[in-house]
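Peer 1: So that you have it, the file is entry_38.txt, and it contains compact mmCIF, C-alpha atoms:
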# COMPACT_ATOMS: atom_id res chain seq x y z
CA MET F 1 22.92 46.31 26.63
CA LEU F 2 22.43 46.44 22.87
CA VAL F 3 24.77 43.48 22.33
CA LYS F 4 22.87 41.47 24.93
CA ASP F 5 19.51 42.22 23.21
CA ARG F 6 20.86 41.09 19.84
CA PHE F 7 22.23 37.93 21.42
CA LEU F 8 18.85 37.17 23.07
CA GLU F 9 17.05 37.84 19.79
CA LYS F 10 19.33 35.39 17.97
CA ILE F 11 18.82 32.79 20.73
CA ASN F 12 15.02 33.22 20.47
CA ILE F 13 15.13 32.73 16.71
CA LEU F 14 17.32 29.64 17.11
CA ILE F 15 14.98 28.18 19.76
CA PHE F 16 11.93 28.87 17.56
CA PHE F 17 13.64 27.20 14.59
CA LEU F 18 14.64 24.12 16.65
CA VAL F 19 11.13 23.76 18.13
CA PHE F 20 9.59 24.11 14.67
CA CYS F 21 11.92 21.42 13.25
CA PHE F 22 11.21 19.11 16.19
CA ILE F 23 7.43 19.50 15.82
CA ASN F 24 7.63 18.80 12.07
CA LYS F 25 9.76 15.71 12.68
CA LEU F 26 7.37 14.52 15.41
CA HIS F 27 4.38 15.13 13.11
CA ALA F 28 6.07 13.18 10.26
CA GLU F 29 6.87 10.30 12.63
CA ASN F 30 3.21 10.24 13.72
CA ILE F 31 2.08 9.98 10.09
CA TYR F 32 4.50 7.11 9.42
CA GLU F 33 3.35 5.39 12.61
CA LYS F 34 -0.32 5.96 11.71
CA ILE F 35 0.10 4.48 8.22
CA PHE F 36 2.16 1.52 9.42
CA ASN F 37 -0.32 0.68 12.19
CA TYR F 38 -3.24 0.88 9.75
CA ASN F 39 -1.46 -1.27 7.13
CA ASP F 40 -0.51 -3.83 9.77
CA ALA F 41 -4.13 -3.92 11.00
CA LEU F 42 -5.33 -4.82 7.47
CA LYS F 43 -4.59 -8.47 8.31
CA ASN F 44 -7.87 -10.41 8.36
CA SER F 45 -9.80 -7.76 6.43
CA SER F 46 -11.16 -7.23 2.93
CA ALA F 47 -12.34 -4.49 0.57
CA ASN F 48 -14.14 -4.32 -2.75
CA PHE F 49 -12.34 -2.63 -5.62
CA ILE F 50 -12.68 -1.32 -9.14
CA GLN F 51 -9.51 -1.59 -11.22
CA THR F 52 -8.89 0.39 -14.38
CA ASN F 53 -6.13 -0.30 -16.87
CA SER F 54 -5.50 1.29 -20.23
CA ASN F 55 -8.13 -0.78 -22.04
CA TYR F 56 -10.55 -2.27 -19.51
CA ILE F 57 -12.27 -2.12 -16.14
CA GLN F 58 -12.39 -5.00 -13.64
CA GLU F 59 -14.23 -5.44 -10.36
CA GLY F 60 -13.54 -7.69 -7.43
CA GLU F 61 -12.56 -8.10 -3.81
CA ILE F 62 -9.18 -8.11 -2.07
CA PHE F 63 -8.53 -10.11 1.10
CA PHE F 64 -5.60 -9.37 3.42
CA GLY F 65 -4.33 -12.36 5.39
CA LYS F 66 -1.49 -12.62 7.84
CA GLU F 67 1.12 -13.54 5.22
CA ARG F 68 -0.84 -13.59 1.95
CA ILE F 69 -3.15 -11.46 -0.13
CA LYS F 70 -5.97 -12.90 -2.22
CA ILE F 71 -7.47 -10.90 -5.08
CA THR F 72 -10.68 -12.20 -6.63
CA TYR F 73 -11.85 -10.61 -9.87
CA ASN F 74 -15.58 -11.14 -10.50
CA ASN F 75 -16.33 -8.95 -13.48
CA PRO F 76 -15.90 -9.16 -16.46
CA GLU F 77 -13.97 -12.40 -15.95
CA LYS F 78 -13.54 -14.65 -12.90
CA LEU F 79 -9.84 -14.67 -11.95
CA THR F 80 -8.02 -15.29 -8.68
CA LEU F 81 -4.57 -14.13 -7.58
CA ILE F 82 -3.01 -15.36 -4.36
CA LEU F 83 0.19 -13.55 -3.42
CA SER F 84 2.90 -14.01 -0.84
CA GLU F 85 6.19 -12.20 -0.41
CA LYS F 86 8.06 -14.79 -2.53
CA LYS F 87 5.53 -16.43 -4.87
CA GLY F 88 2.11 -16.07 -6.40
CA MET F 89 -0.63 -18.09 -8.08
CA TYR F 90 -2.88 -16.93 -10.93
CA VAL F 91 -6.11 -18.85 -11.67
CA ASN F 92 -8.30 -18.31 -14.75
CA HIS F 93 -11.53 -20.06 -13.76
CA ARG F 94 -13.11 -19.96 -17.22
CA LEU F 95 -10.14 -21.81 -18.73
CA GLU F 96 -9.57 -23.88 -15.56
CA GLN F 97 -5.91 -22.91 -15.82
CA THR F 98 -3.42 -22.13 -13.03
CA GLU F 99 0.02 -20.53 -13.24
CA PHE F 100 2.62 -20.02 -10.51
CA PHE F 101 5.16 -17.19 -10.51
CA MET F 102 7.83 -15.53 -8.36
CA THR F 103 6.97 -12.23 -6.68
CA LYS F 104 10.19 -11.36 -4.86
CA LYS F 105 11.59 -9.49 -7.89
CA SER F 106 8.37 -7.68 -8.79
CA TYR F 107 6.51 -4.69 -7.43
CA ILE F 108 4.30 -7.13 -5.50
CA LYS F 109 7.09 -7.58 -2.93
CA PHE F 110 7.02 -3.82 -2.49
CA PHE F 111 3.46 -4.09 -1.10
CA PHE F 112 4.46 -6.71 1.44
CA ASP F 113 7.27 -4.38 2.53
CA ILE F 114 4.81 -1.48 2.92
CA PHE F 115 2.31 -3.54 4.87
CA HIS F 116 4.75 -5.33 7.16
CA LYS F 117 8.03 -3.37 7.44
CA LYS F 118 7.92 -0.08 9.29
CA ASN F 119 11.30 1.16 8.08
CA HIS F 120 10.17 0.77 4.45
CA ILE F 121 7.38 3.34 4.88
CA GLU F 122 9.81 5.83 6.39
CA ASN F 123 11.73 5.91 3.08
CA MET F 124 8.70 6.96 1.06
CA ILE F 125 7.44 10.37 0.00
CA ILE F 126 4.41 11.44 2.03
CA LYS F 127 1.95 14.21 1.20
CA GLN F 128 -0.80 14.99 3.67
CA SER F 129 -3.89 17.19 3.62
CA ASP F 130 -6.94 17.31 5.86
CA GLN F 131 -8.75 14.81 3.61
CA GLN F 132 -6.02 12.40 2.50
CA ILE F 133 -2.52 11.01 2.88
CA GLU F 134 -0.50 9.93 -0.16
CA ILE F 135 2.59 7.79 0.05
CA SER F 136 4.63 7.17 -3.07
CA LYS F 137 7.87 5.74 -4.28
CA LYS F 138 9.66 5.17 -7.55
CA ILE F 139 11.17 1.70 -7.73
CA ASN F 140 13.58 0.15 -10.20
CA LEU F 141 13.31 -3.55 -11.05
CA ASP F 142 15.85 -4.71 -13.62
CA ASP F 143 15.88 -1.27 -15.31
CA PHE F 144 12.07 -1.04 -15.38
CA PHE F 145 10.79 1.92 -13.38
CA PHE F 146 7.49 1.94 -11.54
CA ASN F 147 5.83 4.86 -9.78
CA ILE F 148 3.66 3.47 -7.02
CA LYS F 149 1.26 5.61 -5.02
CA LEU F 150 -1.13 4.65 -2.22
CA THR F 151 -3.83 7.12 -1.18
CA TYR F 152 -5.53 6.94 2.20
CA GLU F 153 -8.55 8.77 3.54
CA ASN F 154 -7.15 10.74 6.46
CA ASP F 155 -9.69 10.78 9.26
CA PRO F 156 -10.36 7.97 9.93
CA ILE F 157 -7.48 6.45 7.98
CA LYS F 158 -8.66 4.08 5.26
CA LEU F 159 -7.00 2.76 2.08
CA ARG F 160 -8.77 4.31 -0.92
CA ARG F 161 -6.59 4.08 -4.04
CA LEU F 162 -3.54 2.36 -5.50
CA GLU F 163 -1.75 3.54 -8.64
CA ILE F 164 1.03 1.71 -10.46
CA ILE F 165 2.46 3.64 -13.40
CA SER F 166 5.23 2.52 -15.73
CA ASP F 167 6.08 2.99 -19.40
CA ASP F 168 4.02 -0.09 -20.28
CA GLU F 169 1.06 0.08 -17.92
CA ASN F 170 -1.13 2.35 -15.85
CA ILE F 171 -3.14 0.48 -13.21
CA GLN F 172 -5.49 2.18 -10.77
CA MET F 173 -7.51 0.43 -8.07
CA GLY F 174 -10.16 2.20 -6.02
CA PHE F 175 -11.12 0.53 -2.71
CA PHE F 176 -14.49 0.71 -0.95
CA ASP F 177 -16.77 -1.26 1.39
CA HIS F 178 -13.98 -2.24 3.81
CA LYS F 179 -14.68 -5.17 6.12
CA ILE F 180 -12.54 -5.57 9.23
CA GLU F 181 -11.86 -8.64 11.38
CA TYR F 182 -12.72 -11.18 8.75
CA VAL F 183 -12.43 -14.83 9.82
CA PHE F 184 -10.86 -16.87 7.02
CA ASP F 185 -10.99 -20.62 6.62
CA LYS F 186 -7.51 -22.14 7.01
CA ASN F 187 -7.43 -23.05 3.29
CA PHE F 188 -8.67 -19.67 2.07
CA PHE F 189 -5.18 -18.50 1.04
CA THR F 190 -3.89 -21.88 -0.13
CA MET F 191 -1.76 -22.00 -3.27
CA VAL F 192 -2.93 -25.41 -4.41
CA ASP F 193 -4.21 -25.62 -7.99
CA PRO F 194 -8.03 -25.81 -7.64
CA TYR F 195 -8.29 -27.70 -10.96
CA LEU F 196 -5.67 -30.31 -10.16
CA ASN F 197 -7.31 -33.71 -10.52
Can you turn what I pasted into structure tokens?
Peer 2:
Amino acid sequence: MLVKDRFLEKINILIFFLVFCFINKLHAENIYEKIFNYNDALKNSSANFIQTNSNYIQEGEIFFGKERIKITYNNPEKLTLILSEKKGMYVNHRLEQTEFFMTKKSYIKFFFDIFHKKNHIENMIIKQSDQQIEISKKINLDDFFFNIKLTYENDPIKLRRLEIISDDENIQMGFFDHKIEYVFDKNFFTMVDPYLN
């Protein structure tokens, strides 16, 4: 009888351990699913932001389209960035100057992966509390390392902060005043030089 009791005790411990592991895995999958669904739903929305770098503060608005992101800086200088997974456009309105650049080998592509590829989020580090969810990843681009962290308000889920840290820069963006279901003009995300005559 004693051997049987020990065996049952070991089986109970094993079952408890397996159930605990399954619940943790299910909970983690729900967090990944929750973040991916929220990120995917950002299409056709916008948010105001305050961005801080080492030496200055900028304010503006970010617009999430189906395949592009538009960032408009209003203060202290009027600038516009339009980004896609492969290319981007930078406009300095004061100088009436436009530059085009590739994004596929920059950390910008990383954001398109986070917002549109579910399996990419599953490879990130996630920390969750009652108030917030943080996802982070260290990426290497041509031997330059970037630590990228996105912070979400947890209930309801809402993007609140982005941090990009490298040896050369430390960028933080705080997001507020989210607007959902924005209707954009078909040329809103166009990458045509606005000062081309």
Peer 1: Taking only C-alpha atoms into account, name the residue in F:Phe64, F:Phe184, F:Phe112, F:Tyr32 that is nearest to F:Ile126.
Peer 2: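 Using only C-alpha atoms, F:Ile126 sits closest to F:Tyr32.
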Peer 1: Provide the atom CA of F:Ser129 to atom CA of F:Lys149 distance in Å, to one decimal place.
Peer 2: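 Computing it gives 15.3 Å between the two atoms.
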Peer 1: For F:Tyr107, which of F:Asp185, F:Asp168, F:Glu85, F:Glu67 is the closest residue, counting only C-alpha atoms?
Peer 2: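 Selected residue with least distance to F:Tyr107: F:Glu85.
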Peer 1: What is the atom CA of F:Lys78-atom CA of F:Ile62 distance in Å, reported with one decimal?
Peer 2: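 Computed distance, atom CA of F:Lys78 to atom CA of F:Ile62, equals 13.4 Å.
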Peer 1: Choose the residue, out of F:Glu77, F:Glu61, F:Glu33, F:Asp193, that has the smallest atom-to-atom separation from F:Ser45; count all atoms listed in the file.
Peer 2: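 Checking each of F:Glu77, F:Glu61, F:Glu33, F:Asp193 against F:Ser45, counting all atoms listed in the file, the winner is F:Glu61.
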Peer 1: Identify the residues within 12 Å of coordinate (-6.7, -3.9, -21.0) (same frame as the file), considering only C-alpha atoms, and give the answer as a list in words.
Peer 2: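 Result, sorted by chain then residue number: Gln51, Thr52, Asn53, Ser54, Asn55, Tyr56, Ile57, Gln58, Pro76, Asp168, Glu169, Asn170, Ile171 and Gln172 of chain F.
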Peer 1: How about saving the chosen residues, C-alpha atoms kept, as a PDB file, keeping the file's coordinate frame?
Peer 2:
ATOM      1  CA  GLN F  51      -9.510  -1.590 -11.220  1.00  0.00           C
ATOM      2  CA  THR F  52      -8.890   0.390 -14.380  1.00  0.00           C
ATOM      3  CA  ASN F  53      -6.130  -0.300 -16.870  1.00  0.00           C
ATOM      4  CA  SER F  54      -5.500   1.290 -20.230  1.00  0.00           C
ATOM      5  CA  ASN F  55      -8.130  -0.780 -22.040  1.00  0.00           C
ATOM      6  CA  TYR F  56     -10.550  -2.270 -19.510  1.00  0.00           C
ATOM      7  CA  ILE F  57     -12.270  -2.120 -16.140  1.00  0.00           C
ATOM      8  CA  GLN F  58     -12.390  -5.000 -13.640  1.00  0.00           C
ATOM      9  CA  PRO F  76     -15.900  -9.160 -16.460  1.00  0.00           C
ATOM     10  CA  ASP F 168       4.020  -0.090 -20.280  1.00  0.00           C
ATOM     11  CA  GLU F 169       1.060   0.080 -17.920  1.00  0.00           C
ATOM     12  CA  ASN F 170      -1.130   2.350 -15.850  1.00  0.00           C
ATOM     13  CA  ILE F 171      -3.140   0.480 -13.210  1.00  0.00           C
ATOM     14  CA  GLN F 172      -5.490   2.180 -10.770  1.00  0.00           C
TER      15      GLN F 172
END
Peer 1: Taking (6.6, 5.0, -2.0) in the file's own coordinates, collect the residues within 7 Å, counting only C-alpha atoms, and hand them back as a list in words.
Peer 2: Met124, Ile125, Ile135, Ser136, Lys137, Lys138, Ile148 and Lys149 of chain F
Peer 1: Would you mind telling me which residue in F:Thr103, F:Thr98, F:Asn39, F:Asn44 lies nearest to F:Met191 when using all atoms listed in the file?
Peer 2: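 Using all atoms listed in the file, the shortest distance to F:Met191 belongs to F:Thr98.
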